[in-house]
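A.B. asks: One structure coming up, written as structure tokens, with questions to follow.
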Amino acid sequence: MADTLNNAQMQAVQHLRGPCLVLAGAGSGKTRVITHKIVRLLQEGLKPGEIAAITFTNKAAQEMRERAKALTGPRAAKDLLVSTFHSLGVRMLREDGERLGLKPNFSILDSDDVLGVLRDAGGTTDAALARRWQWTISLWKNQGLDAAGAQAAAQDEDERVAAQVMARYQERLSAFQAVDFDDLIGLPLALLQRDDETRAKWRARLKHVLVDEVQDTNAVQYELLKALVGEQGVFTAVGDDDQSIYGWRGATIENLKRLPQDYPALTVIPLEQNYRSTGHILRAANAVIAQNPKLFEKKLWSEFGDGEPVRLIEADGEEHEAERAVAFIQALRSNGAKFSDFAILYRANHQARVFEQKLRAAQLPYKVSGGQSFFDRAEIKDLTAWLRLLVNNDDDPAFLRAVTTPKRGIGHQTLGSLGEFAAQRKLSLFEALFAPTLGAALKGRAIDALHEFGRYVNDLEYRARHAEGGEAARALLLGWLTDIGYEQHLRDSEDSEKLATARFGNVLDFVDWIARRCEGDDASERQTVLQVAQTISVILSLAERGEEQDVVTLSTLHASKGLEWQHVVLAGVNEGLLPFRSDGDEMTPERLEEERRLMYVGITRARRTLAVSTLRRRKRGRETVAGVPSRFIAEMKLHEAGAKEDPRERLKRLRAELAARGTEPAAASE
Ligand SMILES: Nc1ncnc2c1ncn2[C@@H]1O[C@H](COP(=O)(O)OP(=O)(O)OP(=O)(O)O)[C@@H](O)[C@H]1O
Ligand SMILES: [Mg+2]
């Protein structure tokens, strides 16, 4: 039933002339309406270039283009404007930015570039201060304020300073012919508002605009949409106020309330049937979101039957939680599930790390979306290069990375000559180091430095072969970090003290992880550092499978929006983590509601199986503290929905029942 639509969906698809808003809960087929409507518009005779569909992420745009392609064929899909607000903005500015004095080849600054310009504009080296300015200026821009507007709106001295910095920042951007991410929305809007000709051109060109996830548009994006579609407004917006999760970045549900006011002709279409999740999952989701004040009344039901009860996992700590998640995946895998059927979702990026480590240890392929993989971090790659070199001296890429991080006076020229020398003799770089004829190819000083490095690697390898157990491993690894001056290297290469410290924290975590693996669960499982390094090398080669399709997804809740998986683990569902709260932070009702919507998004990603996992003990900084289950777990009302009991508890209960009745329990029916 790949192409079917229900009546309400059909109504939305066939509403071709006026403004249309589909307001409906998760999994009710809102995104499906957009894709089908694109096809419908093409059938109506619109040219692909006359249809713009706006999604929330590039990934979503990619997916929608794929889906549209499947429905229309590649030729029609090619010219469709399926993009995020930002990429649409780029397109408009490349075409018409000159009317604002922007050359077509303007450059787009990323977040790091912006920080650099801000430090310069504000005359400071304080990275944390620059970051605060960046944040403040971005929020201003997202409210549609320019530097003068910001100056007027500034509430206190800090903001007044930020507004002055903003003025200087903007001067620099125009001098550089550069824009930042927020400008990609703000400038096209300014263009449409100020320039009648450009406005007329775009309005004539775009015959229908479709917007997915409209609840997460910010004020400027909303204005851009309005400017594009004009007062009569032929557009289709779909969204769910219960999934608005970017309030912290300036998105506002107010837009949803304003739509009917700004467009009196707006047709609002609710969708009520959920096509994604089983009854248990849906009821849990509905029960949680029912705790939030309602903007719009929504019902959601599914035809799938109850399915499996939601599982509750209580873990002793982060490691245990990750082991349970791996076991969950392996158990369902043995029933035929694919890796890509699974997602592990969490509130904050740093929670991914333990899962990555356990998945790797179990050799399950995965990808991290919406954040960076622990093993892809530069500092971890530096260190694993060393380990790879210990395991296999002939690993040339590892050699090159290790010999240059940290810098040890061996420059590119030396390495270039060494490489040439090695290639001619069919030696690995490491072997070439010790070739007696190397002296003819390189200067004495360079050779001394190379030999010293080679000797150090040999010595480290010898020690790694003998360092067995956690204590010995930790001593060896920390000694090695000191020997090579790694902490100093991080401080030299990072201009903020805080970042350098955070990166060194990752390094220490990595050391800890290796040491624990050396320790094993009992004496018979103790391993040497070299043995563990060998497993790590194998695990690292698995990382290359990131491009493969059949992998487990690790994702933040934010990045999971709009997506779905057969089986989902919601991890770290604890007070402090979800709802998230950092020390000294006040939990306002608004923030709690946004966290609850995040929980709702998480639950509704699951199609068949949902496991909610909570920590009895959890790490907070360096401490371990007692874990308090999130209030959202109670709100799921799992007992009413029939939560899956712990198997041991269940066995106990079944035995007791059996003994009481003296009969076999009836087989559970669906
Ligand atoms: N009429 C239908 N018949 C069969 N399957 C459908 C129908 N409508 C939607 N689906 C399926 O239900 C799932 C959810 O649809 P979709 O992703 O469009 O929902 P959504 O409302 O956009 O969800 P979210 O709020 O999470 O973004 C998809 O797998 C989709 O293919
Ligand atoms: Mg969707």
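Each chain in the structure tokens gets a letter, A, B and so on, in the order shown; residues start at 1 in every chain, and ligands are counted from 1 in the order they appear.
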Hey, could you make a per-residue contact list for stretch 472-535 of chain A against stretch 380-397 of chain A with 9 Å as the cut-off, showing the nearest pair of atoms and its distance in Å to one decimal, counting only C-alpha atoms, sorted by chain and number, as CSV?

C.D. replies:
residue,atom,partner,partner_atom,distance
A:Arg503,CA,A:Ile380,CA,8.9
A:Asn506,CA,A:Ile380,CA,7.6
A:Val507,CA,A:Ile380,CA,6.6
A:Phe510,CA,A:Ile380,CA,7.5
A:Leu530,CA,A:Val391,CA,6.8
A:Gln531,CA,A:Val391,CA,8.5
A:Ala533,CA,A:Leu387,CA,5.7
A:Gln534,CA,A:Val391,CA,5.9

A.B. asks: Contacts of A:Ile289 at 7 Å or less, counting only C-alpha atoms, minus same-chain residues fewer than 2 places along, as JSON, numbers by chain?

C.D. replies: {"A": [285, 286, 287, 291, 292, 596, 597, 600]}

A.B. asks: Enumerate residues in contact with ligand 2: an atom-to-atom distance of at most 10 Å, counting only C-alpha atoms and all ligand atoms. Format the result as a list in words.

C.D. replies: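 Using only C-alpha atoms and all ligand atoms, everything at most 10 Å from ligand 2 comes to Ala24, Gly25, Ala26, Gly27, Ser28, Gly29, Lys30, Thr31, Arg32, Val33, Ile34, Thr55, Phe56, Ala60, Asp212, Glu213, Val238, Gly239, Asp240, Lys561, Gly562, Leu563 and Glu564 of chain A.
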
A.B. asks: A:Glu468: which residues within 6 Å, counting only C-alpha atoms, same-chain residues fewer than 4 positions away excluded, as a tab-separated table (two decimals) with N, CA and C atoms, in the first residue's frame?

C.D. replies:
chain	number	residue	atom	x	y	z
A	472	ALA	N	48.53	-1.46	35.49
A	472	ALA	CA	49.72	-1.37	34.64
A	472	ALA	C	49.38	-0.59	33.37
A	527	GLN	N	44.18	-8.58	30.21
A	527	GLN	CA	44.88	-8.49	28.93
A	527	GLN	C	46.00	-7.47	29.00
A	528	THR	N	46.90	-7.58	28.04
A	528	THR	CA	47.95	-6.56	27.97
A	528	THR	C	47.46	-5.40	27.12

A.B. asks: Name the residues in contact with A:Val165 at a cut-off of 12 Å, using only C-alpha atoms, excluding same-chain residues fewer than 5 positions from it; report them as a CSV table (one decimal) with N, CA and C atoms, in the first residue's frame.

C.D. replies:
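Ended up saving to selection-v5.csv:
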chain,number,residue,atom,x,y,z
A,115,LEU,N,33.2,33.0,15.0
A,115,LEU,CA,33.8,33.3,16.3
A,115,LEU,C,35.1,34.1,16.0
A,117,VAL,N,35.8,36.2,13.6
A,117,VAL,CA,35.4,37.6,13.2
A,117,VAL,C,34.9,38.3,14.5
A,118,LEU,N,34.2,37.6,15.3
A,118,LEU,CA,33.6,38.3,16.5
A,118,LEU,C,34.7,38.7,17.5
A,119,ARG,N,35.7,37.8,17.6
A,119,ARG,CA,36.8,38.1,18.5
A,119,ARG,C,37.5,39.3,18.0
A,120,ASP,N,37.7,39.4,16.7
A,120,ASP,CA,38.4,40.5,16.1
A,120,ASP,C,37.5,41.8,16.3
A,121,ALA,N,36.2,41.7,16.0
A,121,ALA,CA,35.3,42.8,16.1
A,121,ALA,C,35.2,43.3,17.5
A,122,GLY,N,35.3,42.4,18.5
A,122,GLY,CA,35.1,42.8,19.9
A,122,GLY,C,36.4,43.0,20.6
A,123,GLY,N,37.5,42.8,19.8
A,123,GLY,CA,38.8,43.1,20.4
A,123,GLY,C,39.1,42.2,21.6
A,124,THR,N,38.8,40.9,21.5
A,124,THR,CA,39.0,40.0,22.7
A,124,THR,C,39.6,38.7,22.2
A,129,LEU,N,33.5,34.5,25.8
A,129,LEU,CA,32.7,35.7,25.6
A,129,LEU,C,32.3,35.8,24.1
A,130,ALA,N,33.2,35.5,23.2
A,130,ALA,CA,32.8,35.5,21.8
A,130,ALA,C,31.6,34.6,21.5
A,132,ARG,N,29.3,33.7,23.6
A,132,ARG,CA,28.1,34.3,24.1
A,132,ARG,C,27.5,35.4,23.1
A,133,TRP,N,28.5,36.2,22.6
A,133,TRP,CA,28.0,37.2,21.6
A,133,TRP,C,27.4,36.5,20.4
A,134,GLN,N,28.0,35.4,20.0
A,134,GLN,CA,27.5,34.7,18.8
A,134,GLN,C,26.1,34.3,19.0
A,136,THR,N,23.9,35.5,21.3
A,136,THR,CA,23.0,36.6,21.4
A,136,THR,C,22.7,37.2,20.0
A,137,ILE,N,23.7,37.4,19.3
A,137,ILE,CA,23.5,38.0,17.9
A,137,ILE,C,22.6,37.2,17.1
A,146,ASP,N,18.4,44.1,13.3
A,146,ASP,CA,19.7,44.4,12.8
A,146,ASP,C,20.5,45.1,14.0
A,147,ALA,N,21.7,45.5,13.7
A,147,ALA,CA,22.5,46.1,14.8
A,147,ALA,C,21.8,47.2,15.5
A,148,ALA,N,21.2,48.1,14.8
A,148,ALA,CA,20.5,49.3,15.4
A,148,ALA,C,19.3,48.8,16.2
A,150,ALA,N,19.0,45.9,17.6
A,150,ALA,CA,19.6,45.2,18.8
A,150,ALA,C,19.9,46.2,19.8
A,151,GLN,N,20.6,47.3,19.4
A,151,GLN,CA,21.0,48.4,20.3
A,151,GLN,C,19.8,48.9,21.1
A,158,ASP,N,25.7,44.1,29.3
A,158,ASP,CA,26.2,43.0,28.4
A,158,ASP,C,25.6,43.0,27.0
A,159,GLU,N,24.3,43.2,27.0
A,159,GLU,CA,23.6,43.2,25.7
A,159,GLU,C,24.0,44.4,24.9
A,160,ARG,N,24.2,45.6,25.6
A,160,ARG,CA,24.5,46.8,24.9
A,160,ARG,C,25.9,46.6,24.2
A,170,GLN,N,29.0,43.2,11.6
A,170,GLN,CA,28.3,43.4,10.3
A,170,GLN,C,29.2,44.2,9.3
A,171,GLU,N,29.9,45.2,9.8
A,171,GLU,CA,30.7,46.0,8.9
A,171,GLU,C,31.8,45.0,8.3
A,172,ARG,N,32.4,44.2,9.1
A,172,ARG,CA,33.4,43.3,8.6
A,172,ARG,C,32.8,42.3,7.6

A.B. asks: I'd like the neighbourhood of A:Thr556 as a tab-separated table (two decimals) with C-alpha atoms, in the first residue's frame, where a residue qualifies if any of its atoms comes within 7 Å (using only C-alpha atoms), though same-chain residues fewer than 2 positions away should be ignored.

C.D. replies:
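Now in selection_35.tsv:
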chain	number	residue	atom	x	y	z
A	345	LEU	CA	18.23	7.99	21.11
A	346	TYR	CA	19.52	10.28	23.85
A	347	ARG	CA	19.23	13.86	25.00
A	348	ALA	CA	22.83	15.02	24.79
A	349	ASN	CA	25.66	14.21	22.41
A	370	GLY	CA	23.38	14.76	14.66
A	558	HIS	CA	16.63	16.59	18.29
A	559	ALA	CA	18.16	15.02	15.21
A	560	SER	CA	15.65	12.16	15.24

A.B. asks: Run DSSP on the backbone of this structure and report the residues of stretch 289-419 of chain A it assigns to alpha helix (DSSP H), as a ChimeraX atom specification.

C.D. replies: /A:289,318-333,352-361,378-391,396-404,412-419

A.B. asks: Considering only C-alpha atoms, return as an MDAnalysis selection string whatever protein or nucleic-acid residues lie within 7 Å of A:Ser83, sequence-local ones (same chain, fewer than 6 positions apart) excluded.

C.D. replies: chainID A and resid 53:55 58 61

A.B. asks: For C-alpha atoms, I'd like the residues from the last selection saved as a short mmCIF file (atom, residue, chain, number, x, y, z; two decimals), in the first residue's frame.

C.D. replies:
data_model
loop_
_atom_site.label_atom_id
_atom_site.label_comp_id
_atom_site.auth_asym_id
_atom_site.auth_seq_id
_atom_site.Cartn_x
_atom_site.Cartn_y
_atom_site.Cartn_z
CA ALA A 53 9.37 22.16 -0.60
CA ILE A 54 11.08 23.22 2.59
CA THR A 55 12.31 20.71 5.13
CA ASN A 58 19.41 18.65 4.63
CA ALA A 61 15.47 17.28 2.02
#

A.B. asks: If we count only C-alpha atoms, what is near A:Val310 at a cut-off of 12 Å, once residues fewer than 6 positions away on the same chain are taken out, given as a VMD selection string?

C.D. replies: chain A and resid 277 to 285 567 to 570 603 to 604 606 to 613 633 636 to 646

A.B. asks: Mind dumping the selected residues with C-alpha atoms as a tab-separated table (two decimals), in the first residue's frame?

C.D. replies:
chain	number	residue	atom	x	y	z
A	277	SER	CA	3.40	2.85	15.94
A	278	THR	CA	1.63	0.11	17.82
A	279	GLY	CA	-1.04	0.84	20.41
A	280	HIS	CA	1.18	0.52	23.45
A	281	ILE	CA	3.70	2.97	22.07
A	282	LEU	CA	1.07	5.42	20.94
A	283	ARG	CA	-0.75	5.36	24.26
A	284	ALA	CA	2.47	6.01	26.14
A	285	ALA	CA	3.20	8.95	23.84
A	567	HIS	CA	12.96	-0.67	17.34
A	568	VAL	CA	14.03	2.22	19.51
A	569	VAL	CA	15.92	2.54	22.76
A	570	LEU	CA	15.39	5.80	24.61
A	603	ILE	CA	8.65	7.79	21.94
A	604	THR	CA	6.93	8.34	18.62
A	606	ALA	CA	9.35	3.74	17.38
A	607	ARG	CA	7.22	1.56	15.17
A	608	ARG	CA	7.22	-1.83	16.88
A	609	THR	CA	9.39	-2.01	19.97
A	610	LEU	CA	10.25	0.70	22.42
A	611	ALA	CA	12.65	0.27	25.30
A	612	VAL	CA	12.92	3.10	27.79
A	613	SER	CA	16.06	2.94	29.79
A	633	ILE	CA	8.45	7.56	32.77
A	636	MET	CA	3.90	7.17	30.24
A	637	LYS	CA	1.58	5.21	32.54
A	638	LEU	CA	3.27	2.01	31.55
A	639	HIS	CA	1.30	-0.06	34.00
A	640	GLU	CA	-1.91	0.84	32.36
A	641	ALA	CA	-0.33	0.28	29.01
A	642	GLY	CA	1.12	-3.03	30.20
A	643	ALA	CA	4.84	-2.50	30.64
A	644	LYS	CA	7.13	-5.40	30.08
A	645	GLU	CA	8.32	-6.74	33.39
A	646	ASP	CA	11.84	-7.72	34.15

A.B. asks: Within stretch 318-550 of chain A, find each residue whose DSSP state, derived from the backbone, is strand (DSSP E), and express the selection as a PyMOL selection string.

C.D. replies: chain A and resi 342-346+366-369

A.B. asks: What is the distance between atom CA of A:Pro19 and atom CA of A:Val268, in Å to one decimal?

C.D. replies: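 If I compute the distance from atom CA of A:Pro19 to atom CA of A:Val268, I get 8.8 Å.
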
A.B. asks: Using only C-alpha atoms, pick whichever of A:Glu231, A:Glu321, A:Asp110, A:Asp216 has the shortest atom-to-atom distance to A:Ile253.

C.D. replies: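 Of A:Glu231, A:Glu321, A:Asp110, A:Asp216, the one nearest A:Ile253, counting only C-alpha atoms, is A:Asp216.
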
A.B. asks: Just checking: using only C-alpha atoms and all ligand atoms, which residue out of A:Leu429, A:Val326, A:Val234, A:Val13 ends up closest to ligand 1?

C.D. replies: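 Among the listed residues, the smallest separation from ligand 1 belongs to A:Val13.
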